[in-house]
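Quick look at coords_29.cif (mmCIF, C-alpha atoms):
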data_structure
#
loop_
_atom_site.label_atom_id
_atom_site.label_comp_id
_atom_site.auth_asym_id
_atom_site.auth_seq_id
_atom_site.Cartn_x
_atom_site.Cartn_y
_atom_site.Cartn_z
CA MET A 28 -339.94 74.19 63.45
CA LYS A 29 -338.77 72.92 60.07
CA ALA A 30 -335.91 74.07 57.85
CA ARG A 31 -334.56 72.87 54.53
CA VAL A 32 -330.89 73.21 53.54
CA TYR A 33 -329.98 73.11 49.84
CA ILE A 34 -326.42 72.03 49.13
CA SER A 35 -324.89 72.12 45.65
CA LEU A 36 -321.42 71.94 44.21
CA LYS A 37 -319.82 75.27 43.36
CA ASN A 38 -319.52 76.14 39.68
CA GLY A 39 -316.36 74.69 38.18
CA VAL A 40 -316.25 71.76 40.59
CA LEU A 41 -316.43 68.47 38.69
CA ASP A 42 -319.66 66.56 39.36
CA PRO A 43 -319.04 62.89 38.55
CA GLN A 44 -322.52 61.86 39.70
CA GLY A 45 -324.08 64.45 37.44
CA LYS A 46 -321.95 63.22 34.55
CA ALA A 47 -323.02 59.61 35.23
CA ILE A 48 -326.70 60.61 35.29
CA SER A 49 -326.29 62.59 32.09
CA HIS A 50 -324.59 59.65 30.40
CA SER A 51 -327.35 57.25 31.52
CA LEU A 52 -330.08 59.60 30.31
CA GLN A 53 -328.39 59.86 26.91
CA GLY A 54 -328.26 56.06 26.84
CA LEU A 55 -332.00 55.92 27.47
CA GLY A 56 -332.55 58.15 24.47
CA PHE A 57 -332.99 61.52 26.17
CA LYS A 58 -330.97 63.51 23.62
CA ASN A 59 -332.06 66.97 24.87
CA VAL A 60 -329.99 66.71 28.05
CA LEU A 61 -327.07 69.15 27.89
CA ASP A 62 -325.84 68.95 31.50
CA VAL A 63 -326.82 67.48 34.86
CA ARG A 64 -325.73 68.63 38.35
CA GLN A 65 -326.72 66.73 41.48
CA GLY A 66 -327.17 68.36 44.88
CA LYS A 67 -328.59 67.54 48.30
CA THR A 68 -331.49 68.70 50.43
CA ILE A 69 -331.41 68.23 54.17
CA ASP A 70 -334.74 68.60 55.95
CA LEU A 71 -334.33 69.48 59.62
CA ASP A 72 -337.05 69.06 62.21
CA LEU A 73 -336.10 71.36 65.11
CA ALA A 74 -337.56 71.93 68.57
CA ASP A 75 -339.84 74.98 68.78
CA MET A 76 -337.73 78.12 69.15
CA ASP A 77 -337.37 81.69 67.95
CA ARG A 78 -337.19 81.73 64.13
CA ASP A 79 -334.05 83.88 63.90
CA ALA A 80 -332.31 81.81 66.57
CA ALA A 81 -333.25 78.67 64.67
CA GLU A 82 -331.91 80.08 61.38
CA ALA A 83 -328.65 81.08 63.09
CA GLU A 84 -328.35 77.57 64.51
CA VAL A 85 -328.93 75.98 61.10
CA GLU A 86 -326.26 78.34 59.70
CA ARG A 87 -323.81 76.98 62.28
CA MET A 88 -324.82 73.39 61.42
CA CYS A 89 -324.02 74.11 57.78
CA GLN A 90 -320.65 75.64 58.61
CA GLN A 91 -319.68 72.83 61.00
CA LEU A 92 -321.08 69.72 59.34
CA LEU A 93 -323.69 69.82 56.63
CA ALA A 94 -321.77 71.58 53.87
CA ASN A 95 -318.17 71.34 52.73
CA THR A 96 -317.81 75.07 52.19
CA VAL A 97 -314.63 74.62 50.15
CA ILE A 98 -316.47 73.01 47.23
CA GLU A 99 -320.14 73.42 48.11
CA ASN A 100 -322.65 76.26 48.29
CA TYR A 101 -325.58 76.07 50.70
CA SER A 102 -328.79 77.98 51.25
CA ILE A 103 -331.30 77.76 54.08
CA GLU A 104 -335.07 77.90 53.77
CA MET A 105 -337.06 78.16 56.99
CA LEU A 106 -340.28 76.28 56.31
CA ASP A 107 -342.44 77.40 59.24
CA MET B 5 -334.13 75.42 29.47
CA LYS B 6 -333.48 74.44 33.08
CA ALA B 7 -335.41 72.16 35.41
CA ARG B 8 -334.86 71.02 38.96
CA VAL B 9 -336.03 67.65 40.26
CA TYR B 10 -336.50 67.19 44.01
CA ILE B 11 -336.26 63.60 45.20
CA SER B 12 -337.00 62.55 48.77
CA LEU B 13 -337.69 59.32 50.57
CA LYS B 14 -341.36 58.52 51.15
CA ASN B 15 -342.63 58.84 54.72
CA GLY B 16 -342.04 55.68 56.70
CA VAL B 17 -338.97 54.70 54.67
CA LEU B 18 -335.91 54.48 56.94
CA ASP B 19 -333.32 57.19 56.18
CA PRO B 20 -329.96 55.95 57.51
CA GLN B 21 -328.12 58.99 56.14
CA GLY B 22 -330.55 61.29 57.89
CA LYS B 23 -330.09 59.34 61.11
CA ALA B 24 -326.29 59.60 60.78
CA ILE B 25 -326.49 63.37 60.23
CA SER B 26 -328.83 63.74 63.19
CA HIS B 27 -326.49 61.73 65.38
CA SER B 28 -323.48 63.82 64.31
CA LEU B 29 -325.31 67.08 64.93
CA GLN B 30 -326.24 65.91 68.43
CA GLY B 31 -322.60 65.03 68.98
CA LEU B 32 -321.62 68.58 68.00
CA GLY B 33 -323.97 69.91 70.63
CA PHE B 34 -326.99 70.79 68.50
CA LYS B 35 -329.59 69.52 70.98
CA ASN B 36 -332.61 71.08 69.21
CA VAL B 37 -332.47 68.64 66.30
CA LEU B 38 -335.48 66.28 66.46
CA ASP B 39 -335.17 64.60 63.05
CA VAL B 40 -333.19 64.87 59.81
CA ARG B 41 -334.18 63.61 56.34
CA GLN B 42 -331.81 63.81 53.37
CA GLY B 43 -332.97 64.15 49.77
CA LYS B 44 -331.52 64.93 46.35
CA THR B 45 -331.83 67.72 43.83
CA ILE B 46 -331.01 67.09 40.18
CA ASP B 47 -330.51 70.19 38.06
CA LEU B 48 -331.10 69.52 34.38
CA ASP B 49 -329.88 71.76 31.59
CA LEU B 50 -332.01 70.93 28.54
CA ALA B 51 -331.92 72.03 24.90
CA ASP B 52 -334.40 74.80 24.10
CA MET B 53 -337.83 73.30 23.54
CA ASP B 54 -341.51 73.80 24.34
CA ARG B 55 -341.97 74.10 28.11
CA ASP B 56 -344.73 71.49 28.40
CA ALA B 57 -342.82 69.07 26.21
CA ALA B 58 -339.75 69.62 28.37
CA GLU B 59 -341.72 68.98 31.56
CA ALA B 60 -343.21 65.80 30.10
CA GLU B 61 -339.72 64.64 29.15
CA VAL B 62 -338.39 65.31 32.66
CA GLU B 63 -341.36 63.35 34.01
CA ARG B 64 -340.28 60.39 31.87
CA MET B 65 -336.68 60.79 33.07
CA CYS B 66 -337.90 60.58 36.67
CA GLN B 67 -340.01 57.51 35.97
CA GLN B 68 -337.24 55.71 34.06
CA LEU B 69 -334.09 56.68 35.92
CA LEU B 70 -333.92 59.59 38.33
CA ALA B 71 -336.30 58.39 41.04
CA ASN B 72 -336.93 54.97 42.56
CA THR B 73 -340.69 55.42 42.67
CA VAL B 74 -341.13 52.49 45.07
CA ILE B 75 -339.46 54.34 47.95
CA GLU B 76 -339.02 57.88 46.67
CA ASN B 77 -341.25 60.86 45.88
CA TYR B 78 -340.21 63.37 43.24
CA SER B 79 -341.34 66.79 42.15
CA ILE B 80 -340.34 68.84 39.13
CA GLU B 81 -339.72 72.58 39.03
CA MET B 82 -339.23 74.17 35.63
CA LEU B 83 -336.81 77.03 36.21
CA ASP B 84 -337.16 79.01 32.99
#
Translate the structure described by the file into structure tokens.
Amino acid sequence: MKARVYISLKNGVLDPQGKAISHSLQGLGFKNVLDVRQGKTIDLDLADMDRDAAEAEVERMCQQLLANTVIENYSIEMLD
Amino acid sequence: MKARVYISLKNGVLDPQGKAISHSLQGLGFKNVLDVRQGKTIDLDLADMDRDAAEAEVERMCQQLLANTVIENYSIEMLD
């Protein structure tokens, strides 16, 4: 069973990497770039199990390790 | 106009971050984790322009800066 976790900084949290990318893009001549925010995807390959149980387990993984819930949002997509 | 770029390591490319996450999850007792791969999302906020022109521009951004096309795959999702 596969799942994908999307992790992104909460609105209002400074994103230095996004700023650096935006600055580099401007330097390369991409003048239409207004803002850039970088996030993470974590693709999990899990042993075969009940889909709801798997989603609950991924939720716990996010709470315990994958996301810093103080400054990050996360969402879970079960892929199969 | 908003676009999201998904960047992930090509198959066969070693993912040390993914391995570290997998190891940590096992250590926390998540025994159903078989493999973990980490990727990036880059959310771009672009000036209003023609959708196809915007997508072509994001394609150029990926080729020139956002993705290391030797070891990474990328895909573009135009969000509005």
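Proximity to chain A at a cut-off of 7 Å picks out Asn36, Val37, Leu38, Asp39, Val40, Arg41, Gln42, Gly43, Lys44, Thr45, Ile46, Asp47, Leu48, Asp49, Leu50 and Ala51 of chain B on chain B, counting only C-alpha atoms.
Proximity to B:Leu13 was assessed for B:Cys66, B:Val74, B:Ala60, B:Asp54 counting all atoms listed in the file; the smallest distance is recorded for B:Val74.
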Taken to one decimal, the atom CA of B:Glu76-atom CA of B:Lys14 distance is 5.1 Å
One number please: atom CA of B:Glu81 to atom CA of B:Gln67, in Å, one decimal. 15.4 Å
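In this model, the gap between atom CA of A:Glu86 and atom CA of B:Asp84 comes to 28.9 Å.
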Stretch 52-68 of chain A from the block above, all heavy atoms, as a tab-separated table (two decimals), in the first residue's frame, please?
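Just written: out-v9.tsv:
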chain	number	residue	atom	x	y	z
A	52	LEU	N	15.38	32.80	-9.60
A	52	LEU	CA	14.57	32.84	-10.82
A	52	LEU	C	14.56	34.25	-11.41
A	52	LEU	O	14.71	34.44	-12.62
A	52	LEU	CB	13.14	32.38	-10.52
A	52	LEU	CG	12.96	30.89	-10.26
A	52	LEU	CD1	11.55	30.59	-9.78
A	52	LEU	CD2	13.27	30.07	-11.53
A	53	GLN	N	14.44	35.25	-10.53
A	53	GLN	CA	14.48	36.65	-11.02
A	53	GLN	C	15.82	36.89	-11.72
A	53	GLN	O	15.87	37.48	-12.79
A	53	GLN	CB	14.32	37.62	-9.84
A	53	GLN	CG	13.09	37.45	-9.01
A	53	GLN	CD	11.87	38.15	-9.62
A	53	GLN	OE1	11.99	38.89	-10.60
A	53	GLN	NE2	10.69	37.86	-9.08
A	54	GLY	N	16.89	36.38	-11.10
A	54	GLY	CA	18.22	36.56	-11.67
A	54	GLY	C	18.37	35.92	-13.03
A	54	GLY	O	19.16	36.36	-13.88
A	55	LEU	N	17.60	34.85	-13.27
A	55	LEU	CA	17.65	34.17	-14.56
A	55	LEU	C	16.72	34.82	-15.58
A	55	LEU	O	16.57	34.33	-16.69
A	55	LEU	CB	17.28	32.69	-14.38
A	55	LEU	CG	18.33	31.80	-13.71
A	55	LEU	CD1	17.72	30.43	-13.38
A	55	LEU	CD2	19.56	31.63	-14.60
A	56	GLY	N	16.06	35.88	-15.13
A	56	GLY	CA	15.21	36.62	-16.08
A	56	GLY	C	13.74	36.28	-16.03
A	56	GLY	O	12.94	36.76	-16.84
A	57	PHE	N	13.34	35.47	-15.09
A	57	PHE	CA	11.92	35.11	-14.96
A	57	PHE	C	11.22	36.19	-14.12
A	57	PHE	O	11.09	36.08	-12.90
A	57	PHE	CB	11.76	33.73	-14.31
A	57	PHE	CG	12.29	32.60	-15.15
A	57	PHE	CD1	13.48	31.95	-14.82
A	57	PHE	CD2	11.61	32.18	-16.28
A	57	PHE	CE1	13.97	30.91	-15.60
A	57	PHE	CE2	12.08	31.13	-17.07
A	57	PHE	CZ	13.26	30.50	-16.72
A	58	LYS	N	10.78	37.25	-14.81
A	58	LYS	CA	10.24	38.42	-14.12
A	58	LYS	C	8.78	38.25	-13.68
A	58	LYS	O	8.25	39.09	-12.96
A	58	LYS	CB	10.35	39.65	-15.03
A	58	LYS	CG	11.79	39.98	-15.46
A	58	LYS	CD	12.73	40.21	-14.27
A	58	LYS	CE	14.14	40.54	-14.73
A	58	LYS	NZ	15.13	40.35	-13.62
A	59	ASN	N	8.11	37.17	-14.11
A	59	ASN	CA	6.70	36.99	-13.75
A	59	ASN	C	6.50	36.29	-12.42
A	59	ASN	O	5.37	36.01	-12.02
A	59	ASN	CB	5.99	36.17	-14.86
A	59	ASN	CG	5.86	36.95	-16.14
A	59	ASN	OD1	5.43	38.12	-16.10
A	59	ASN	ND2	6.27	36.36	-17.26
A	60	VAL	N	7.61	35.97	-11.76
A	60	VAL	CA	7.51	35.23	-10.48
A	60	VAL	C	7.21	36.21	-9.34
A	60	VAL	O	8.02	37.10	-9.06
A	60	VAL	CB	8.83	34.48	-10.19
A	60	VAL	CG1	8.75	33.79	-8.84
A	60	VAL	CG2	9.11	33.47	-11.30
A	61	LEU	N	6.07	36.05	-8.72
A	61	LEU	CA	5.68	36.95	-7.61
A	61	LEU	C	6.10	36.36	-6.27
A	61	LEU	O	6.55	37.05	-5.37
A	61	LEU	CB	4.17	37.18	-7.63
A	61	LEU	CG	3.59	37.72	-8.95
A	61	LEU	CD1	2.07	37.85	-8.84
A	61	LEU	CD2	4.23	39.03	-9.32
A	62	ASP	N	5.92	35.04	-6.10
A	62	ASP	CA	6.29	34.41	-4.82
A	62	ASP	C	6.55	32.92	-5.04
A	62	ASP	O	6.00	32.32	-5.98
A	62	ASP	CB	5.15	34.58	-3.79
A	62	ASP	CG	5.62	34.22	-2.37
A	62	ASP	OD1	6.82	34.42	-2.09
A	62	ASP	OD2	4.78	33.75	-1.57
A	63	VAL	N	7.39	32.35	-4.20
A	63	VAL	CA	7.71	30.93	-4.28
A	63	VAL	C	7.67	30.34	-2.87
A	63	VAL	O	8.20	30.94	-1.93
A	63	VAL	CB	9.13	30.70	-4.87
A	63	VAL	CG1	9.45	29.21	-4.91
A	63	VAL	CG2	9.25	31.31	-6.26
A	64	ARG	N	6.98	29.20	-2.72
A	64	ARG	CA	6.96	28.50	-1.42
A	64	ARG	C	7.38	27.06	-1.67
A	64	ARG	O	6.84	26.40	-2.56
A	64	ARG	CB	5.56	28.52	-0.80
A	64	ARG	CG	4.97	29.88	-0.57
A	64	ARG	CD	5.39	30.56	0.68
A	64	ARG	NE	4.84	29.98	1.89
A	64	ARG	CZ	5.18	30.44	3.09
A	64	ARG	NH1	6.05	31.41	3.21
A	64	ARG	NH2	4.66	29.91	4.19
A	65	GLN	N	8.35	26.57	-0.88
A	65	GLN	CA	8.79	25.19	-1.08
A	65	GLN	C	8.18	24.31	0.00
A	65	GLN	O	8.05	24.69	1.15
A	65	GLN	CB	10.32	25.12	-1.02
A	65	GLN	CG	10.84	23.69	-1.16
A	65	GLN	CD	12.32	23.62	-1.45
A	65	GLN	OE1	12.82	24.37	-2.27
A	65	GLN	NE2	13.02	22.71	-0.80
A	66	GLY	N	7.82	23.08	-0.41
A	66	GLY	CA	7.28	22.10	0.53
A	66	GLY	C	7.92	20.75	0.29
A	66	GLY	O	8.86	20.63	-0.50
A	67	LYS	N	7.42	19.74	1.00
A	67	LYS	CA	7.97	18.39	0.86
A	67	LYS	C	6.87	17.40	0.53
A	67	LYS	O	5.70	17.60	0.89
A	67	LYS	CB	8.59	17.93	2.20
A	67	LYS	CG	9.91	18.54	2.56
A	67	LYS	CD	10.42	17.98	3.87
A	67	LYS	CE	9.69	18.52	5.07
A	67	LYS	NZ	10.36	18.23	6.35
A	68	THR	N	7.27	16.33	-0.18
A	68	THR	CA	6.37	15.18	-0.32
A	68	THR	C	7.14	13.99	0.27
A	68	THR	O	8.36	13.89	0.11
A	68	THR	CB	6.06	14.87	-1.79
A	68	THR	OG1	7.29	14.64	-2.49
A	68	THR	CG2	5.31	16.00	-2.46
